[in-house]
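Undergrad: What follows is upload.cif, made up of mmCIF, C-alpha atoms and all ligand atoms:
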```cif
data_input
#
loop_
_atom_site.label_atom_id
_atom_site.label_comp_id
_atom_site.auth_asym_id
_atom_site.auth_seq_id
_atom_site.Cartn_x
_atom_site.Cartn_y
_atom_site.Cartn_z
CA MET A 231 -11.38 -7.16 4.99
CA PHE A 232 -7.83 -7.50 6.23
CA VAL A 233 -4.41 -6.25 5.22
CA THR A 234 -1.17 -8.24 5.26
CA ILE A 235 1.90 -6.06 5.63
CA LEU A 236 4.73 -7.39 3.44
CA GLY A 237 7.05 -4.45 4.02
CA SER A 238 6.74 -1.61 6.53
CA GLY A 239 10.09 0.13 6.16
CA ALA A 240 11.17 3.32 4.40
CA ALA A 241 13.79 3.47 1.64
CA LEU A 242 16.35 1.00 3.01
CA PRO A 243 15.39 -2.70 3.21
CA ILE A 244 17.32 -3.47 6.39
CA GLY A 245 16.65 -4.95 9.79
CA ALA A 246 13.21 -6.40 10.41
CA ARG A 247 11.52 -4.09 7.92
CA ARG A 248 11.50 -4.56 4.17
CA CYS A 249 10.28 -1.81 1.81
CA SER A 250 6.66 -0.98 1.01
CA ALA A 251 4.22 -3.67 -0.09
CA GLN A 252 0.98 -5.00 1.31
CA VAL A 253 -1.95 -7.15 0.26
CA LEU A 254 -5.50 -6.09 1.01
CA ASN A 255 -7.93 -9.02 1.11
CA ILE A 256 -11.58 -8.10 0.52
CA ALA A 257 -13.74 -11.21 0.97
CA GLY A 258 -11.14 -13.26 -0.91
CA PHE A 259 -10.35 -10.66 -3.60
CA LYS A 260 -6.72 -9.55 -3.22
CA LEU A 261 -5.14 -6.23 -4.10
CA LEU A 262 -1.36 -5.85 -4.02
CA ILE A 263 -0.51 -2.29 -2.98
CA ASP A 264 3.05 -1.23 -3.84
CA CYS A 265 5.70 -3.73 -4.82
CA ALA A 266 9.18 -3.13 -3.45
CA GLU A 267 12.13 -5.44 -3.92
CA ALA A 268 11.55 -8.84 -2.18
CA THR A 269 7.77 -8.55 -2.36
CA GLN A 270 7.41 -11.95 -4.02
CA ASP A 271 9.43 -13.55 -1.22
CA ARG A 272 7.15 -11.98 1.35
CA ILE A 273 4.07 -13.11 -0.58
CA ARG A 274 5.33 -16.68 -0.35
CA TYR A 275 6.31 -16.35 3.31
CA ASN A 276 2.78 -15.21 4.13
CA HIS A 277 1.25 -18.10 2.16
CA LEU A 278 -0.50 -15.78 -0.26
CA LYS A 279 -0.80 -17.36 -3.67
CA LEU A 280 1.04 -15.25 -6.21
CA GLN A 281 -1.28 -16.21 -9.05
CA SER A 282 -4.32 -15.15 -7.02
CA LEU A 283 -3.20 -11.54 -7.41
CA SER A 284 -4.86 -9.95 -10.41
CA THR A 285 -4.75 -6.26 -9.46
CA ILE A 286 -1.71 -4.23 -8.46
CA LEU A 287 -1.75 -0.62 -7.24
CA ILE A 288 1.53 1.33 -7.33
CA SER A 289 1.61 4.64 -5.45
CA HIS A 290 4.73 6.03 -7.14
CA LEU A 291 7.83 4.93 -8.98
CA HIS A 292 10.45 5.29 -6.25
CA GLY A 293 12.35 2.03 -6.00
CA ASP A 294 11.17 1.24 -2.48
CA HIS A 295 7.61 0.98 -3.88
CA PHE A 296 8.17 -0.30 -7.41
CA PHE A 297 11.41 -2.23 -7.99
CA GLY A 298 9.84 -5.58 -7.13
CA LEU A 299 7.37 -5.42 -10.00
CA PRO A 300 9.50 -6.74 -12.92
CA GLY A 301 10.56 -9.77 -10.90
CA LEU A 302 7.06 -10.45 -9.66
CA LEU A 303 5.59 -10.30 -13.20
CA SER A 304 8.41 -12.51 -14.48
CA THR A 305 7.70 -15.14 -11.82
CA MET A 306 4.00 -15.07 -12.65
CA HIS A 307 4.92 -15.81 -16.26
CA LEU A 308 7.39 -18.57 -15.37
CA CYS A 309 4.70 -20.24 -13.25
CA GLY A 310 2.44 -20.41 -16.29
CA ARG A 311 0.10 -17.49 -15.82
CA THR A 312 -2.34 -16.79 -18.64
CA GLU A 313 -4.88 -14.68 -16.73
CA PRO A 314 -4.61 -10.90 -17.17
CA VAL A 315 -3.23 -8.54 -14.51
CA THR A 316 -4.49 -5.00 -14.00
CA ILE A 317 -1.80 -2.51 -12.98
CA VAL A 318 -2.76 0.94 -11.70
CA ALA A 319 0.38 3.12 -11.53
CA PRO A 320 1.66 6.61 -12.28
CA ARG A 321 2.46 7.43 -15.89
CA GLY A 322 5.82 5.98 -16.89
CA ALA A 323 5.42 2.62 -15.16
CA ARG A 324 4.38 0.90 -18.37
CA GLN A 325 7.40 2.22 -20.25
CA VAL A 326 9.76 1.07 -17.47
CA ILE A 327 8.33 -2.45 -17.41
CA GLU A 328 8.08 -2.86 -21.19
CA THR A 329 11.59 -1.48 -21.75
CA THR A 330 13.00 -3.74 -19.03
CA PHE A 331 11.47 -6.82 -20.62
CA ASP A 332 12.40 -5.78 -24.17
CA LEU A 333 16.04 -5.00 -23.41
CA THR A 334 16.62 -8.05 -21.25
CA GLY A 335 14.99 -10.54 -23.60
CA ASN A 336 12.43 -11.55 -21.01
CA HIS A 337 8.84 -12.14 -21.93
CA ILE A 338 5.38 -12.07 -20.35
CA ALA A 339 2.72 -14.19 -22.01
CA PHE A 340 -0.28 -12.87 -20.08
CA PRO A 341 -2.02 -9.57 -20.88
CA ILE A 342 -1.57 -6.49 -18.70
CA ASP A 343 -4.40 -3.96 -18.40
CA TRP A 344 -2.43 -0.76 -17.77
CA ARG A 345 -4.23 2.12 -16.06
CA GLU A 346 -1.70 4.91 -15.81
CA LEU A 347 -2.43 7.82 -13.49
CA ASP A 348 -1.74 11.31 -14.76
CA PHE A 349 -3.70 13.96 -12.87
CA ASP A 350 -2.81 16.46 -10.17
CA GLU A 351 -6.08 17.08 -8.38
CA GLY A 352 -9.33 15.47 -7.36
CA LEU A 353 -10.49 11.93 -6.67
CA HIS A 354 -10.71 9.58 -9.65
CA ARG A 355 -12.23 6.11 -9.95
CA VAL A 356 -9.42 3.90 -11.28
CA PHE A 357 -10.71 0.38 -10.69
CA GLU A 358 -13.87 -1.45 -9.78
CA CYS A 359 -14.97 -5.05 -9.53
CA ARG A 360 -17.70 -6.92 -7.71
CA ARG A 361 -15.74 -6.77 -4.42
CA CYS A 362 -14.47 -3.19 -4.28
CA THR A 363 -13.96 0.20 -5.87
CA VAL A 364 -10.62 2.03 -5.91
CA ASP A 365 -10.35 5.80 -6.15
CA ALA A 366 -6.99 7.58 -6.49
CA PHE A 367 -5.93 11.08 -5.47
CA PRO A 368 -2.63 12.95 -5.76
CA LEU A 369 -0.18 13.24 -2.87
CA ASP A 370 2.55 15.82 -2.29
CA HIS A 371 5.83 13.96 -2.88
CA SER A 372 9.02 14.53 -4.88
CA VAL A 373 7.66 12.55 -7.87
CA PRO A 374 4.05 12.00 -9.05
CA ASP A 375 2.44 9.97 -6.28
CA TYR A 376 -1.11 8.81 -5.56
CA GLY A 377 -3.08 7.74 -2.53
CA PHE A 378 -5.85 5.15 -2.77
CA ARG A 379 -9.30 4.97 -1.18
CA ILE A 380 -10.58 1.41 -1.40
CA THR A 381 -14.23 0.79 -0.61
CA GLU A 382 -15.69 -2.68 -0.28
CA VAL A 383 -18.81 -3.56 -2.21
CA PRO A 384 -20.79 -5.41 0.44
CA PRO A 385 -23.13 -8.25 -0.47
CA VAL A 386 -26.66 -7.07 -1.27
CA SER A 387 -27.94 -8.77 1.88
CA ALA A 388 -25.52 -6.95 4.21
CA ARG A 389 -27.04 -3.87 5.89
CA ARG A 390 -23.99 -2.05 7.04
CA ALA A 391 -21.85 0.75 5.76
CA PRO A 392 -19.12 -0.52 3.43
CA LEU A 393 -15.63 -0.73 4.92
CA VAL A 394 -13.10 1.77 3.63
CA TYR A 395 -9.32 1.36 3.59
CA ALA A 396 -7.16 4.37 2.69
CA TYR A 397 -3.44 4.25 1.83
CA CYS A 398 -1.11 7.24 1.53
CA CYS A 399 2.57 6.59 0.97
CA ASP A 400 4.72 8.72 0.52
CA THR A 401 3.57 12.26 1.21
CA ALA A 402 4.38 15.57 2.84
CA TYR A 403 1.84 17.06 5.24
CA ASP A 404 -1.03 18.23 3.07
CA GLU A 405 -4.56 18.81 4.35
CA ARG A 406 -5.92 18.73 0.80
CA ILE A 407 -6.08 14.95 1.12
CA LEU A 408 -8.53 15.12 4.04
CA PRO A 409 -11.75 14.77 2.01
CA HIS A 410 -10.30 11.73 0.26
CA ILE A 411 -9.37 9.85 3.42
CA ALA A 412 -12.33 11.07 5.51
CA GLY A 413 -14.08 8.48 7.63
CA ALA A 414 -11.87 5.56 6.59
CA ASP A 415 -12.17 2.50 8.84
CA LEU A 416 -8.42 2.07 8.57
CA LEU A 417 -6.03 4.74 7.33
CA CYS A 418 -2.54 3.51 6.44
CA LEU A 419 -0.21 6.51 6.45
CA GLU A 420 3.48 6.80 5.98
CA CYS A 421 5.37 7.80 9.12
CA THR A 422 8.98 8.12 8.09
CA PHE A 423 10.22 10.37 10.89
CA SER A 424 9.69 11.31 14.51
CA ASN A 425 8.63 14.85 15.35
CA GLU A 426 12.24 15.89 15.96
CA TYR A 427 12.90 15.53 12.20
CA GLU A 428 10.07 17.80 11.05
CA ARG A 429 12.38 19.95 8.94
CA LEU A 430 13.95 16.95 7.20
CA ALA A 431 10.49 15.46 6.66
CA ALA A 432 9.36 18.65 4.91
CA GLU A 433 12.50 18.72 2.74
CA ARG A 434 12.09 15.11 1.66
CA LYS A 435 8.30 15.32 1.48
CA HIS A 436 7.51 12.80 4.17
CA LEU A 437 5.43 12.83 7.34
CA THR A 438 6.39 12.92 11.00
CA ALA A 439 4.48 10.77 13.48
CA GLY A 440 2.70 13.81 14.91
CA GLN A 441 1.63 14.96 11.44
CA ALA A 442 0.31 11.49 10.62
CA GLY A 443 -1.72 11.50 13.84
CA ARG A 444 -3.06 14.97 13.09
CA LEU A 445 -4.21 13.98 9.60
CA ALA A 446 -5.99 10.92 11.07
CA ARG A 447 -7.74 13.09 13.67
CA LEU A 448 -8.79 15.78 11.18
CA ALA A 449 -10.07 13.14 8.74
CA GLY A 450 -12.17 11.45 11.42
CA VAL A 451 -10.92 7.95 10.64
CA ARG A 452 -11.51 5.00 12.94
CA GLN A 453 -7.98 3.71 13.17
CA LEU A 454 -4.50 4.71 12.00
CA LEU A 455 -1.85 2.26 10.80
CA LEU A 456 1.64 3.76 10.58
CA THR A 457 4.05 2.38 8.00
CA HIS A 458 7.17 3.39 5.94
CA ILE A 459 9.19 3.56 9.16
CA SER A 460 12.73 4.91 8.76
CA ALA A 461 15.57 2.54 9.64
CA ARG A 462 16.58 5.16 12.25
CA PHE A 463 13.80 3.85 14.49
CA ARG A 464 14.57 0.28 15.52
CA GLU A 465 11.97 0.58 18.28
CA PRO A 466 8.80 2.32 17.12
CA ASP A 467 7.54 3.28 20.60
CA LEU A 468 8.49 6.93 20.15
CA LEU A 469 6.64 7.16 16.82
CA LEU A 470 3.56 5.54 18.31
CA ALA A 471 3.56 7.89 21.30
CA GLN A 472 3.93 10.97 19.11
CA ALA A 473 1.14 9.87 16.75
CA ALA A 474 -1.09 8.87 19.66
CA ALA A 475 -0.70 12.32 21.20
CA GLU A 476 -2.75 13.55 18.21
CA PHE A 477 -4.87 10.46 17.53
CA GLU A 478 -5.13 7.74 20.14
CA ASN A 479 -6.22 4.77 18.05
CA ALA A 480 -2.90 4.30 16.25
CA VAL A 481 -0.84 1.17 15.55
CA VAL A 482 2.64 0.77 14.06
CA ALA A 483 2.79 -1.76 11.23
CA ALA A 484 5.26 -4.64 11.34
CA ASP A 485 6.32 -6.91 8.49
CA ASN A 486 4.15 -10.02 8.14
CA MET A 487 1.42 -8.52 10.34
CA ARG A 488 -2.18 -9.27 9.35
CA PHE A 489 -4.63 -6.65 10.47
CA GLU A 490 -8.40 -6.72 10.29
CA VAL A 491 -9.95 -3.53 8.89
CA GLY A 492 -12.75 -2.06 11.00
CA VAL A 493 -12.07 -4.43 13.89
CA GLY A 494 -8.56 -3.32 14.67
CA ARG A 495 -7.00 -6.57 15.70
CA SER A 496 -4.00 -8.53 14.51
CA LEU A 497 -4.54 -11.97 13.00
CA PRO A 498 -2.13 -14.93 13.16
CA LEU A 499 0.01 -15.93 10.19
CA PRO A 500 -2.01 -18.31 7.98
CA GLN A 501 -1.03 -21.96 7.62
CA PRO A 502 0.63 -23.11 4.39
CA SER A 503 -1.76 -24.24 1.69
CA ASP A 504 -1.27 -27.05 -0.84
CA ASN A 505 -0.36 -24.78 -3.70
CA GLU A 506 1.74 -21.77 -2.79
CA VAL A 507 2.07 -20.54 -6.37
ZN ZN B 601 9.11 5.36 0.05
ZN ZN B 602 8.89 8.02 -2.22
#
```
Render the structure in this file as structure tokens.
TA:
Amino acid sequence: MFVTILGSGAALPIGARRCSAQVLNIAGFKLLIDCAEATQDRIRYNHLKLQSLSTILISHLHGDHFFGLPGLLSTMHLCGRTEPVTIVAPRGARQVIETTFDLTGNHIAFPIDWRELDFDEGLHRVFECRRCTVDAFPLDHSVPDYGFRITEVPPVSARRAPLVYAYCCDTAYDERILPHIAGADLLCLECTFSNEYERLAAERKHLTAGQAGRLARLAGVRQLLLTHISARFREPDLLLAQAAAEFENAVVAADNMRFEVGVGRSLPLPQPSDNEV
């Protein structure tokens, strides 16, 4: 299981960091998690085949997590897609996409299996296939927002505990999520601010680096991956140090980084394949 970071920045797509998107690869099955502007460019840059994506998880409808979706679906259609796509997203996403396509005269020929999220407590199974299960839980943000706990379904012959990847972006500090992220092999948490901005983080319902580290420690995860880095922090050393003061095994995400879940090492960029679509 490995994750490719397509965008590791917060709201502004500037500098070396684009906005939130990543692809989790589970034994060849790919999940797109969040879809900011420019996601399809980053998919191509990382030699991930667009048409191999059949499941998309959207945490919330803020533009820096969602505004790439109409363009990505449109490109899938233009490249001849007929296979269905499953989209797990907060309530309202379907209306936004359908209205956008209706009013602009664009069209999608392939079916979309919409699974809209509309609950404010607990852990809910929202997707399963032969490679993984996905459970969603609410986060504390300024709009309805969900975290995801993704558990691999190991082959019958494998005698090890299944790997777990947890993703929480964006959220204020909230210990109610601890049971849902507990024991994850890799926890990807937003880390918008340094500790000096704790008040601003609370106002805007984001995490500081220290809070992210504390959640990782309290949840007993194996490794912490920090993402959604504010454009204020060109060099992430301060964020890493502040998170590591609470939880040592922390890494700051970078765009186009591939990271192996449960092993904790970066992988090189893959070579181009014959068919990039
Ligand atoms: Zn965001
Ligand atoms: Zn947000």
Undergrad: Find the nearest atom pair between each residue of chain A and ligand ZN 602 (chain B) for residues within 12 Å, count all atoms listed in the file, give distances in Å to one decimal, sort rows by chain and ascending number, and present the table as a tab-separated table.
TA:
```
residue	atom	partner	partner_atom	distance
A:Gly239	CA	B:ZN602	ZN	11.6
A:Ala240	CA	B:ZN602	ZN	8.4
A:Ala241	CA	B:ZN602	ZN	7.7
A:Leu242	CA	B:ZN602	ZN	11.5
A:Cys249	CA	B:ZN602	ZN	10.7
A:Ser250	CA	B:ZN602	ZN	9.8
A:Asp264	CA	B:ZN602	ZN	11.1
A:Ala266	CA	B:ZN602	ZN	11.2
A:Ile288	CA	B:ZN602	ZN	11.2
A:Ser289	CA	B:ZN602	ZN	8.7
A:His290	CA	B:ZN602	ZN	6.7
A:Leu291	CA	B:ZN602	ZN	7.5
A:His292	CA	B:ZN602	ZN	5.1
A:Gly293	CA	B:ZN602	ZN	7.9
A:Asp294	CA	B:ZN602	ZN	7.2
A:His295	CA	B:ZN602	ZN	7.3
A:Phe296	CA	B:ZN602	ZN	9.8
A:Leu369	CA	B:ZN602	ZN	10.5
A:Asp370	CA	B:ZN602	ZN	10.1
A:His371	CA	B:ZN602	ZN	6.7
A:Ser372	CA	B:ZN602	ZN	7.0
A:Val373	CA	B:ZN602	ZN	7.3
A:Pro374	CA	B:ZN602	ZN	9.3
A:Asp375	CA	B:ZN602	ZN	7.9
A:Tyr376	CA	B:ZN602	ZN	10.6
A:Gly377	CA	B:ZN602	ZN	12.0
A:Cys398	CA	B:ZN602	ZN	10.7
A:Cys399	CA	B:ZN602	ZN	7.2
A:Asp400	CA	B:ZN602	ZN	5.0
A:Thr401	CA	B:ZN602	ZN	7.6
A:Ala402	CA	B:ZN602	ZN	10.1
A:Glu420	CA	B:ZN602	ZN	9.9
A:Cys421	CA	B:ZN602	ZN	11.9
A:Thr422	CA	B:ZN602	ZN	10.3
A:Ala431	CA	B:ZN602	ZN	11.7
A:Arg434	CA	B:ZN602	ZN	8.7
A:Lys435	CA	B:ZN602	ZN	8.2
A:His436	CA	B:ZN602	ZN	8.1
A:Leu437	CA	B:ZN602	ZN	11.2
A:His458	CA	B:ZN602	ZN	9.5
```
Undergrad: From the options A:Phe423, A:Pro314, A:Arg452, A:His307, which residue's atoms come nearest to Arg464 of chain A, counting all atoms listed in the file?
TA: A:Phe423
Undergrad: Give me the residues within 9 Å of Val315 of chain A as a list in words, counting only C-alpha atoms and dropping any in the same chain fewer than 4 places off.
TA: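 So, after excluding close chain neighbours, the residues are Leu283, Ser284, Thr285, Ile286, Phe340, Pro341, Ile342, Asp343 and Trp344 of chain A.
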Undergrad: Please measure the separation of atom CA of Leu445 of chain A and atom CA of Asn479 of chain A, giving the value in Å to one decimal.
TA: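 Computing it gives 12.7 Å between the two atoms.
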Undergrad: Which is closer to ligand ZN 601 (chain B) than all the others in A:Met306, A:Ile459, A:Ala449, A:Asp404, using all atoms listed in the file?
TA: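 Comparing A:Met306, A:Ile459, A:Ala449, A:Asp404 against ligand ZN 601 (chain B), the winner is A:Ile459.
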